[in-house]
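Text of the file target_30.txt, holding compact mmCIF, C-alpha atoms:
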# COMPACT_ATOMS: atom_id res chain seq x y z
CA MET B 151 29.63 -185.44 -41.43
CA LYS B 152 33.42 -185.74 -41.29
CA LYS B 153 35.76 -183.19 -42.83
CA GLY B 154 39.15 -183.81 -44.36
CA ILE B 155 41.70 -182.76 -46.95
CA LEU B 156 42.15 -184.69 -50.18
CA ILE B 157 45.75 -184.40 -51.40
CA LYS B 158 46.44 -184.90 -55.11
CA TYR B 159 49.81 -185.64 -56.65
CA GLY B 160 50.99 -185.39 -60.25
CA GLU B 161 54.15 -186.86 -61.76
CA ILE B 162 54.20 -189.77 -59.34
CA VAL B 163 51.42 -191.50 -61.27
CA LEU B 164 53.84 -191.90 -64.19
CA LYS B 165 56.43 -193.86 -62.19
CA GLY B 166 55.14 -197.33 -63.04
CA LYS B 167 56.53 -200.06 -60.80
CA ASN B 168 58.38 -197.44 -58.73
CA ARG B 169 55.21 -195.51 -57.96
CA ALA B 170 54.80 -196.98 -54.47
CA VAL B 171 58.33 -195.84 -53.55
CA PHE B 172 57.51 -192.26 -54.56
CA GLU B 173 54.15 -192.38 -52.76
CA ASN B 174 55.79 -193.56 -49.54
CA ILE B 175 58.40 -190.80 -49.68
CA LEU B 176 55.71 -188.19 -50.35
CA MET B 177 53.71 -189.50 -47.38
CA LYS B 178 56.84 -189.17 -45.22
CA ASP B 179 57.41 -185.62 -46.50
CA ILE B 180 53.79 -184.69 -45.74
CA ARG B 181 54.11 -185.99 -42.19
CA ALA B 182 57.35 -184.02 -41.75
CA GLY B 183 55.75 -180.88 -43.21
CA LEU B 184 52.79 -181.15 -40.81
CA LYS B 185 54.92 -181.99 -37.76
CA GLU B 186 53.82 -178.90 -35.85
CA LEU B 187 50.21 -180.15 -35.92
CA GLY B 188 51.13 -183.18 -33.81
CA GLN B 189 49.68 -186.62 -34.49
CA ILE B 190 47.83 -186.69 -37.81
CA ASP B 191 45.54 -189.24 -39.47
CA LEU B 192 46.92 -189.61 -43.01
CA LYS B 193 45.98 -192.45 -45.36
CA LYS B 194 46.63 -193.54 -48.93
CA GLU B 195 43.46 -193.45 -50.99
CA GLN B 196 43.69 -194.84 -54.55
CA GLY B 197 45.78 -192.16 -56.27
CA ARG B 198 45.25 -189.64 -53.49
CA PHE B 199 46.15 -189.08 -49.86
CA TYR B 200 43.43 -188.33 -47.33
CA LEU B 201 44.09 -186.22 -44.23
CA GLN B 202 41.43 -186.39 -41.53
CA VAL B 203 40.52 -183.07 -39.88
CA PRO B 204 39.98 -183.25 -36.07
CA GLU B 205 36.31 -183.22 -35.15
CA ASP B 206 36.73 -180.26 -32.80
CA ASP B 207 38.48 -178.06 -35.40
CA ASP B 208 37.04 -174.56 -35.62
CA GLY B 209 38.79 -173.88 -38.93
CA GLU B 210 42.25 -172.93 -37.65
CA TRP B 211 43.68 -176.47 -37.92
CA ILE B 212 42.56 -176.99 -41.50
CA ASP B 213 43.76 -173.51 -42.55
CA ARG B 214 47.22 -174.17 -41.09
CA ALA B 215 47.36 -177.65 -42.61
CA ILE B 216 46.59 -176.24 -46.07
CA GLU B 217 49.27 -173.55 -45.63
CA LEU B 218 51.88 -176.16 -44.67
CA LEU B 219 50.90 -178.53 -47.49
CA GLN B 220 51.60 -175.70 -49.94
CA HIS B 221 55.28 -176.10 -48.99
CA VAL B 222 55.49 -179.82 -49.86
CA PHE B 223 56.92 -180.75 -53.25
CA GLY B 224 55.03 -183.44 -55.16
CA ILE B 225 51.53 -182.15 -54.33
CA ILE B 226 49.53 -180.61 -57.18
CA GLY B 227 46.16 -180.06 -55.46
CA ILE B 228 44.82 -179.57 -51.93
CA CYS B 229 41.07 -180.02 -51.58
CA PRO B 230 39.10 -179.46 -48.36
CA VAL B 231 36.37 -182.11 -48.52
CA ASP B 232 33.17 -183.20 -46.85
CA VAL B 233 32.89 -186.95 -46.24
CA PRO B 234 29.30 -188.28 -46.28
CA GLU B 235 28.50 -191.18 -43.98
CA SER B 236 27.67 -193.55 -46.87
CA ASP B 237 28.06 -193.89 -50.63
CA ASP B 238 24.31 -193.92 -51.14
CA LEU B 239 23.58 -191.44 -53.92
CA GLU B 240 20.84 -189.75 -51.89
CA THR B 241 23.31 -189.14 -49.05
CA ILE B 242 25.94 -187.82 -51.46
CA GLY B 243 23.34 -185.44 -52.92
CA ASP B 244 22.44 -184.18 -49.45
CA ALA B 245 26.14 -183.53 -48.78
CA MET B 246 26.68 -181.68 -52.05
CA VAL B 247 23.66 -179.41 -51.56
CA ALA B 248 24.77 -178.66 -47.99
CA TYR B 249 28.30 -177.94 -49.22
CA VAL B 250 27.06 -175.46 -51.84
CA LYS B 251 24.84 -173.61 -49.37
CA ARG B 252 27.66 -173.38 -46.82
CA GLU B 253 30.61 -172.47 -49.05
CA PHE B 254 29.08 -170.01 -51.53
CA ASP B 255 27.24 -166.83 -50.59
CA ARG B 256 25.81 -166.05 -54.02
CA PRO B 257 24.31 -168.01 -56.95
CA CYS B 258 26.82 -169.30 -59.52
CA THR B 259 26.88 -171.33 -62.69
CA PHE B 260 28.15 -174.85 -62.03
CA LYS B 261 29.04 -178.24 -63.40
CA VAL B 262 29.29 -181.52 -61.47
CA PHE B 263 32.14 -183.98 -62.04
CA ALA B 264 32.06 -187.51 -60.64
CA LYS B 265 34.64 -190.28 -60.29
CA ARG B 266 34.05 -193.81 -59.06
CA ALA B 267 36.90 -196.14 -58.17
CA ASP B 268 34.55 -199.12 -57.77
CA LYS B 269 33.15 -199.98 -61.20
CA LYS B 270 30.47 -202.13 -59.51
CA TYR B 271 28.80 -198.99 -58.21
CA PRO B 272 25.21 -198.98 -59.59
CA TYR B 273 25.72 -195.77 -61.61
CA ASN B 274 28.52 -194.71 -63.92
CA SER B 275 30.33 -191.38 -63.60
CA LEU B 276 28.11 -189.50 -66.06
CA GLN B 277 24.94 -190.76 -64.37
CA ILE B 278 26.25 -189.80 -60.93
CA ALA B 279 27.15 -186.30 -62.14
CA ALA B 280 23.74 -185.84 -63.77
CA LYS B 281 21.79 -186.93 -60.69
CA LEU B 282 23.87 -184.76 -58.34
CA GLY B 283 23.61 -181.79 -60.70
CA GLU B 284 19.86 -182.17 -60.71
CA ARG B 285 19.77 -182.09 -56.91
CA VAL B 286 21.86 -178.91 -56.77
CA LEU B 287 19.80 -177.26 -59.50
CA HIS B 288 16.48 -177.95 -57.80
CA GLU B 289 17.49 -177.30 -54.18
CA THR B 290 19.45 -174.04 -54.47
CA ASP B 291 18.26 -170.56 -55.37
CA GLY B 292 19.59 -169.05 -58.57
CA TRP B 293 22.20 -171.71 -59.40
CA THR B 294 22.31 -172.70 -63.08
CA VAL B 295 24.19 -175.31 -65.07
CA ASP B 296 26.96 -174.30 -67.48
CA VAL B 297 28.82 -177.29 -68.90
CA HIS B 298 31.32 -175.20 -70.88
CA GLN B 299 32.61 -172.42 -68.56
CA PRO B 300 31.12 -172.95 -65.11
CA GLN B 301 32.02 -170.54 -62.33
CA VAL B 302 32.09 -173.45 -59.88
CA LYS B 303 33.17 -177.05 -60.45
CA LEU B 304 31.66 -179.48 -57.96
CA TYR B 305 33.21 -182.89 -57.43
CA ALA B 306 32.11 -186.20 -55.97
CA GLU B 307 34.77 -188.91 -55.76
CA ILE B 308 33.57 -192.35 -54.69
CA ARG B 309 36.55 -194.33 -53.44
CA ASN B 310 36.99 -196.20 -50.14
CA GLN B 311 34.82 -193.38 -48.84
CA VAL B 312 33.10 -190.48 -50.58
CA TYR B 313 34.60 -187.00 -51.02
CA VAL B 314 32.53 -183.95 -51.91
CA TYR B 315 34.27 -180.67 -52.71
CA GLY B 316 34.25 -177.60 -54.92
CA LYS B 317 37.54 -175.87 -54.23
CA GLU B 318 41.11 -176.89 -55.03
CA ILE B 319 44.20 -175.03 -53.79
CA LYS B 320 47.14 -175.38 -56.15
CA GLY B 321 50.21 -177.22 -54.85
CA LEU B 322 53.85 -176.76 -55.83
CA GLY B 323 54.06 -179.85 -58.02
CA GLY B 324 57.46 -181.36 -58.67
CA LEU B 325 58.72 -184.52 -56.97
CA PRO B 326 59.01 -185.43 -53.27
CA VAL B 327 62.32 -184.43 -51.68
CA GLY B 328 64.50 -187.50 -51.39
CA THR B 329 63.53 -189.14 -54.67
CA GLY B 330 66.18 -187.36 -56.76
CA GLY B 331 69.39 -188.13 -54.89
CA LYS B 332 71.60 -185.67 -52.94
CA ALA B 333 73.41 -182.53 -54.05
CA THR B 334 75.47 -179.82 -52.37
CA LEU B 335 74.47 -176.20 -52.95
CA LEU B 336 77.10 -173.45 -53.10
CA LEU B 337 75.09 -170.99 -51.04
CA SER B 338 75.88 -167.28 -50.88
CA GLY B 339 73.97 -164.36 -49.43
CA GLY B 340 72.65 -163.29 -52.82
CA ILE B 341 69.30 -163.72 -54.52
CA ASP B 342 70.22 -166.50 -56.94
CA SER B 343 71.64 -169.45 -55.01
CA PRO B 344 68.70 -169.96 -52.59
CA VAL B 345 66.37 -170.02 -55.60
CA ALA B 346 68.64 -172.53 -57.36
CA GLY B 347 68.54 -174.80 -54.31
CA TRP B 348 64.76 -174.51 -54.10
CA MET B 349 64.40 -175.41 -57.77
CA MET B 350 66.52 -178.55 -57.44
CA ALA B 351 64.66 -179.57 -54.28
CA LYS B 352 61.49 -179.32 -56.38
CA ARG B 353 62.96 -182.06 -58.58
CA GLY B 354 63.30 -184.31 -55.55
CA VAL B 355 66.92 -183.49 -54.65
CA GLN B 356 67.94 -183.56 -51.00
CA LEU B 357 70.16 -180.57 -50.18
CA SER B 358 73.26 -179.86 -48.19
CA ALA B 359 74.97 -176.48 -48.52
CA VAL B 360 78.40 -174.86 -48.36
CA TYR B 361 78.99 -171.19 -47.51
CA PHE B 362 82.45 -169.57 -47.83
CA HIS B 363 83.15 -167.12 -45.02
CA ALA B 364 86.05 -164.64 -45.18
CA HIS B 365 86.36 -163.46 -41.57
CA PRO B 366 87.14 -160.68 -40.68
CA TYR B 367 86.45 -159.22 -44.14
CA THR B 368 82.89 -160.51 -43.91
CA SER B 369 80.96 -160.18 -40.68
CA ASP B 370 79.10 -162.76 -38.63
CA ARG B 371 75.93 -161.03 -39.82
CA ALA B 372 76.77 -162.16 -43.36
CA ARG B 373 77.08 -165.74 -42.11
CA ASP B 374 73.84 -165.47 -40.14
CA LYS B 375 72.09 -164.09 -43.22
CA VAL B 376 73.10 -167.18 -45.22
CA LEU B 377 71.95 -169.52 -42.46
CA GLU B 378 68.62 -167.73 -42.39
CA LEU B 379 68.30 -168.19 -46.15
CA ALA B 380 68.94 -171.91 -45.69
CA ARG B 381 66.31 -172.01 -42.95
CA ARG B 382 63.74 -170.44 -45.27
CA VAL B 383 64.55 -172.89 -48.07
CA SER B 384 64.27 -175.76 -45.56
CA LYS B 385 60.54 -175.02 -45.24
CA TYR B 386 60.30 -176.62 -48.66
CA ALA B 387 63.40 -178.82 -48.88
CA GLY B 388 63.53 -180.27 -45.36
CA PRO B 389 66.49 -179.90 -42.96
CA ILE B 390 69.64 -178.60 -44.67
CA PRO B 391 73.16 -179.20 -43.29
CA VAL B 392 75.20 -176.04 -43.95
CA TYR B 393 79.00 -176.05 -43.82
CA VAL B 394 80.54 -172.63 -43.08
CA VAL B 395 84.00 -172.74 -44.63
CA PRO B 396 86.84 -170.46 -43.41
CA PHE B 397 88.04 -169.11 -46.75
CA THR B 398 90.14 -166.09 -45.84
CA ARG B 399 93.58 -167.69 -46.14
CA ILE B 400 92.77 -169.05 -49.61
CA GLN B 401 91.39 -165.75 -50.85
CA LEU B 402 94.35 -163.76 -49.58
CA ASP B 403 96.72 -166.23 -51.24
CA ILE B 404 94.86 -165.93 -54.57
CA TYR B 405 94.83 -162.13 -54.26
CA ALA B 406 98.57 -162.00 -53.56
CA LYS B 407 99.78 -164.44 -56.22
CA CYS B 408 97.33 -164.53 -59.15
CA GLN B 409 96.51 -162.02 -61.86
CA HIS B 410 93.64 -159.87 -60.63
CA GLU B 411 91.52 -160.18 -63.75
CA LYS B 412 91.46 -163.95 -63.10
CA LEU B 413 90.67 -163.72 -59.37
CA THR B 414 86.99 -164.60 -59.51
CA ILE B 415 87.40 -167.61 -61.79
CA ILE B 416 90.28 -169.05 -59.77
CA MET B 417 88.37 -168.43 -56.56
CA ARG B 418 85.32 -170.26 -57.96
CA ARG B 419 87.50 -173.19 -59.06
CA ILE B 420 88.91 -173.56 -55.54
CA MET B 421 85.40 -173.28 -54.10
CA TYR B 422 84.35 -176.20 -56.26
CA ARG B 423 87.25 -178.28 -54.96
CA VAL B 424 86.39 -177.50 -51.32
CA ALA B 425 82.69 -178.08 -51.88
CA GLU B 426 83.33 -181.47 -53.49
CA ARG B 427 85.16 -182.71 -50.42
CA LEU B 428 82.30 -181.60 -48.20
CA ALA B 429 79.83 -183.13 -50.67
CA ASP B 430 81.65 -186.43 -50.16
CA LYS B 431 80.91 -186.20 -46.43
CA GLU B 432 77.18 -185.84 -47.24
CA GLY B 433 77.12 -188.54 -49.92
CA ALA B 434 76.11 -185.88 -52.46
CA GLN B 435 76.33 -186.91 -56.10
CA ALA B 436 76.24 -183.40 -57.59
CA MET B 437 76.71 -179.72 -56.85
CA ILE B 438 74.31 -176.81 -57.43
CA THR B 439 75.11 -173.17 -58.13
CA GLY B 440 73.03 -170.07 -58.82
CA GLU B 441 75.08 -169.18 -61.89
CA ASN B 442 73.20 -167.48 -64.70
CA LEU B 443 74.57 -167.13 -68.22
CA GLY B 444 75.91 -163.64 -68.86
CA GLN B 445 74.79 -162.13 -65.56
CA VAL B 446 78.34 -161.28 -64.43
CA ALA B 447 81.82 -161.61 -65.91
CA SER B 448 82.46 -164.99 -64.29
CA GLN B 449 79.32 -166.40 -65.90
CA THR B 450 80.15 -166.13 -69.61
CA LEU B 451 80.41 -169.44 -71.46
CA ALA B 452 84.21 -169.19 -71.51
CA SER B 453 84.30 -168.44 -67.77
CA LEU B 454 81.90 -171.27 -66.92
CA GLU B 455 83.98 -173.67 -69.01
CA CYS B 456 87.08 -172.78 -66.98
CA THR B 457 85.23 -173.06 -63.69
CA ASN B 458 83.56 -176.33 -64.61
CA ALA B 459 86.89 -177.93 -65.46
CA ALA B 460 87.76 -177.90 -61.74
CA ALA B 461 84.77 -180.10 -60.83
CA ASP B 462 84.90 -183.89 -60.78
CA ARG B 463 81.13 -184.27 -60.63
CA ILE B 464 78.08 -182.82 -62.32
CA VAL B 465 77.24 -179.19 -61.54
CA PHE B 466 73.57 -178.21 -61.83
CA ARG B 467 72.79 -174.61 -62.80
CA PRO B 468 68.97 -174.45 -62.79
CA LEU B 469 68.94 -170.67 -63.33
CA ILE B 470 71.23 -170.69 -66.34
CA GLY B 471 68.63 -169.35 -68.79
CA PHE B 472 66.53 -167.18 -66.47
CA ASP B 473 66.43 -163.41 -66.54
CA LYS B 474 66.89 -161.56 -63.28
CA GLN B 475 63.24 -160.63 -62.81
CA GLN B 476 62.19 -164.27 -63.09
CA ILE B 477 64.66 -165.15 -60.34
CA ILE B 478 63.45 -162.28 -58.15
CA ASP B 479 59.85 -163.38 -58.61
CA ILE B 480 60.66 -166.87 -57.33
CA ALA B 481 62.72 -165.43 -54.45
CA LYS B 482 59.70 -163.39 -53.39
CA GLN B 483 57.44 -166.42 -53.73
CA ILE B 484 59.61 -168.52 -51.41
CA ASP B 485 60.27 -165.63 -48.99
CA THR B 486 64.05 -165.37 -49.45
CA PHE B 487 64.20 -162.07 -51.35
CA GLU B 488 64.05 -159.65 -48.40
CA THR B 489 66.76 -161.58 -46.57
CA SER B 490 68.96 -161.78 -49.69
CA ILE B 491 69.00 -158.01 -50.15
CA LEU B 492 70.15 -157.28 -46.59
CA PRO B 493 73.41 -155.26 -46.90
CA TYR B 494 75.83 -157.85 -45.51
CA GLU B 495 78.42 -158.71 -48.16
CA ASP B 496 79.87 -162.17 -48.61
CA CYS B 497 83.38 -163.16 -49.71
CA CYS B 498 82.49 -163.19 -53.42
CA THR B 499 81.73 -159.47 -53.39
CA ILE B 500 84.65 -158.45 -51.16
CA PHE B 501 87.42 -160.03 -53.26
CA VAL B 502 86.31 -159.05 -56.73
CA ALA B 503 88.49 -157.80 -59.58
CA LYS B 504 87.88 -154.29 -60.93
CA HIS B 505 88.27 -155.51 -64.52
CA PRO B 506 87.61 -159.28 -64.61
CA THR B 507 88.28 -161.23 -67.76
CA THR B 508 85.22 -162.36 -69.67
CA GLN B 509 86.93 -164.62 -72.21
CA PRO B 510 89.50 -166.60 -70.22
CA ARG B 511 91.46 -169.56 -71.61
CA LEU B 512 91.58 -172.66 -69.44
CA LYS B 513 95.34 -173.12 -69.92
CA ASP B 514 96.01 -169.54 -68.77
CA ILE B 515 93.81 -170.05 -65.70
CA GLU B 516 95.50 -173.35 -64.83
CA ASP B 517 98.97 -171.82 -65.29
CA ASP B 518 98.11 -168.92 -63.00
CA GLU B 519 96.63 -171.31 -60.46
CA LYS B 520 99.98 -173.16 -60.23
CA LYS B 521 101.30 -170.15 -58.33
CA LEU B 522 99.20 -171.34 -55.38
CA THR B 523 101.86 -173.74 -54.15
CA ASP B 524 100.18 -174.34 -50.78
CA ILE B 525 96.65 -174.78 -52.12
CA GLU B 526 96.22 -178.46 -51.19
CA GLU B 527 97.15 -177.73 -47.58
CA GLU B 528 94.87 -174.67 -47.61
CA ILE B 529 91.94 -176.69 -48.99
CA ARG B 530 92.45 -179.38 -46.35
CA GLU B 531 92.61 -176.70 -43.65
CA ALA B 532 89.41 -175.08 -44.94
CA VAL B 533 87.55 -178.39 -45.01
CA ASP B 534 88.74 -179.44 -41.56
CA GLY B 535 87.98 -176.01 -40.11
CA SER B 536 84.41 -175.82 -41.43
CA GLU B 537 81.62 -175.29 -38.95
CA LEU B 538 78.47 -177.36 -39.43
CA TYR B 539 74.94 -176.05 -38.85
CA LEU B 540 71.60 -177.77 -39.35
CA CYS B 541 68.95 -175.41 -40.70
CA LYS B 542 65.37 -176.50 -40.08
CA PRO B 543 62.11 -174.58 -40.55
CA GLU B 544 61.78 -173.96 -36.83
CA GLU B 545 65.42 -173.39 -35.83
CA ILE B 546 69.11 -173.20 -36.75
CA VAL B 547 71.31 -175.55 -34.72
CA LYS B 548 75.09 -175.42 -34.55
CA VAL B 549 76.19 -179.04 -34.77
CA ARG B 550 80.00 -178.78 -34.77
CA THR B 551 82.60 -176.06 -34.37
CA SER B 552 84.59 -177.82 -37.13
CA VAL B 553 84.28 -180.96 -39.19
CA HIS B 554 86.54 -182.71 -36.68
CA GLY B 555 84.90 -181.01 -33.68
CA SER B 556 82.48 -182.65 -31.28
CA GLU B 557 78.73 -182.52 -31.76
CA GLY B 558 76.67 -179.97 -29.90
CA GLU B 559 79.46 -177.46 -29.31
CA ASP B 560 78.62 -173.77 -29.16
Kindly transcribe the structure held in the file into structure tokens.
Amino acid sequence: MKKGILIKYGEIVLKGKNRAVFENILMKDIRAGLKELGQIDLKKEQGRFYLQVPEDDDGEWIDRAIELLQHVFGIIGICPVDVPESDDLETIGDAMVAYVKREFDRPCTFKVFAKRADKKYPYNSLQIAAKLGERVLHETDGWTVDVHQPQVKLYAEIRNQVYVYGKEIKGLGGLPVGTGGKATLLLSGGIDSPVAGWMMAKRGVQLSAVYFHAHPYTSDRARDKVLELARRVSKYAGPIPVYVVPFTRIQLDIYAKCQHEKLTIIMRRIMYRVAERLADKEGAQAMITGENLGQVASQTLASLECTNAAADRIVFRPLIGFDKQQIIDIAKQIDTFETSILPYEDCCTIFVAKHPTTQPRLKDIEDDEKKLTDIEEEIREAVDGSELYLCKPEEIVKVRTSVHGSEGED
């Protein structure tokens, strides 16, 4: 008897005429997510995907495949299955009884569910379930039927081939990465922004990222921390280009010329302008931040209004209504939390006002910003001087020493 993994997806079934496009992208994402396993046998199967397990697998391959599939957006269920040699009901019954005896070490209450894709099959779903339930009931010790709250749900799906299973591992859900367009994440070394990027990737958005580095006020360890965060998010979102922007000159200019209570808001506005130019290079239609309403002074409604006015494209803030513990819980789930709390400060924490304004007026901010007479040159210099890295699950690769540098430089 063959073994495999039945992969279920959710929202894609609602996509109507575009469903095939979403299915094909999800199949591509699955192949990319399982790349370390080498050549895989993956097929579409009438509202499912079927992944064949190698015949010589001793359990390690299937365990690793399940672990990797739990990082792929768009999947709602991962089911290790037995595949009987035929769709004869007697053969299916043999497979289900063998499955129960192998997978469960104590008697349980159970209910059988059946699905048939071919309506010409000689029995309907209820008849199939009843006959299989009868086999399990009579050929196992101590197992009893409970149609209301069974401890175990047993399934038989009759499609192009037959799948027998009784366990389903929950997937992440969401939409396949690449179906929701492109966006650029303003990525810092904190807890929030990696979670924000992960959440938008879950809605199918392909990510690039921008990190603002204030050397020598922030160390290379702060930069490396951010790249590591991007690498961890890439386990879910796929490879992430990360631009490391030299931001020191701009920050010193803001600090020297602008009112200190407005520093953070003006700094964020300039960050948006730099990030938009780098987003253009990636073909990104939007930007993403980890901003959260009321969490800090620069994230009041008045402050966000002033910051947002500097952007020429939509800014997604997926964490806007979350409380901090909810964000921490997701950070722990996606394995970014421990890296985020490493004590390497980024530029946002170094150049912070002691008494920032919480109710700024846009006109006052714009008037103060006019003192930055060299800002266009400084923005151009920051964009041109940005280093580019590619963060992938297995490695971080430095692609260019600057946007105008040559590829592969160290």
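For the choices B:Lys153, B:Lys265, B:Lys332, B:Lys194, the atom-to-atom distance to B:Gly433 is smallest for B:Lys332 when using all atoms listed in the file.
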ask   = So which residues touch stretch 400-411 of chain B within 8 Å, counting all atoms listed in the file, skipping near sequence neighbours fewer than 3 positions away, as a list in words?
value = Ala364, Phe397, Thr414, Ile416, Met417, Phe501, Ala503, Lys504, His505, Pro506, Thr507, Asp518, Glu519, Lys521, Leu522, Ile525, Glu528 and Ile529 of chain B
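With distances taken over all atoms listed in the file, B:Tyr159 is the one residue among B:Trp293, B:Tyr305, B:Tyr249, B:Tyr159 lying closest to B:Gly227.
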request  = Please identify all polymer residues within 8 Å of stretch 455-458 of chain B, counting all atoms listed in the file, omitting same-chain residues fewer than 5 positions from it, and present them as number ranges by chain.
outcome  = B: 415-416, 418-419, 465, 510-512, 515
key: Exercise: B:Leu239 partners within 10 Å, all atoms listed in the file, chain neighbours under 3 positions left out, as a list in words   = Ser236, Ile242, Gly243, Asp244, Ala245, Pro272, Tyr273, Ile278, Lys281 and Leu282 of chain B
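Taking atom CA of B:Glu545 as the reference point, atom CA of B:Phe199 is found at 28.5 Å.
All polymer residues at most 10 Å from (31.2, -176.4, -49.7), using all atoms listed in the file, appear as Pro230, Val231, Asp232, Ala245, Met246, Val247, Ala248, Tyr249, Val250, Lys251, Arg252, Glu253, Phe254, Leu304, Val314, Tyr315, Gly316 and Lys317 of chain B.
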Against stretch 491-495 of chain B, which residues of stretch 293-367 of chain B fall within 8 Å? For each one I want the closest pair of atoms and the distance in Å (one decimal), counting all atoms listed in the file, rows by chain and increasing residue number, as a tab-separated table.
residue	atom	partner	partner_atom	distance
B:Gly339	CA	B:Glu495	CA	7.3
B:Gly340	CA	B:Ile491	CA	7.0
B:Ile341	CA	B:Ile491	CA	7.2
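Take atom CA of B:Leu322 and atom CA of B:Leu219: the distance between them is 9.0 Å.
Among the candidates B:Pro366, B:Pro344, B:Pro326, B:Pro389, the residue lying nearest to B:Ile180 is B:Pro326 (atoms considered: all atoms listed in the file).
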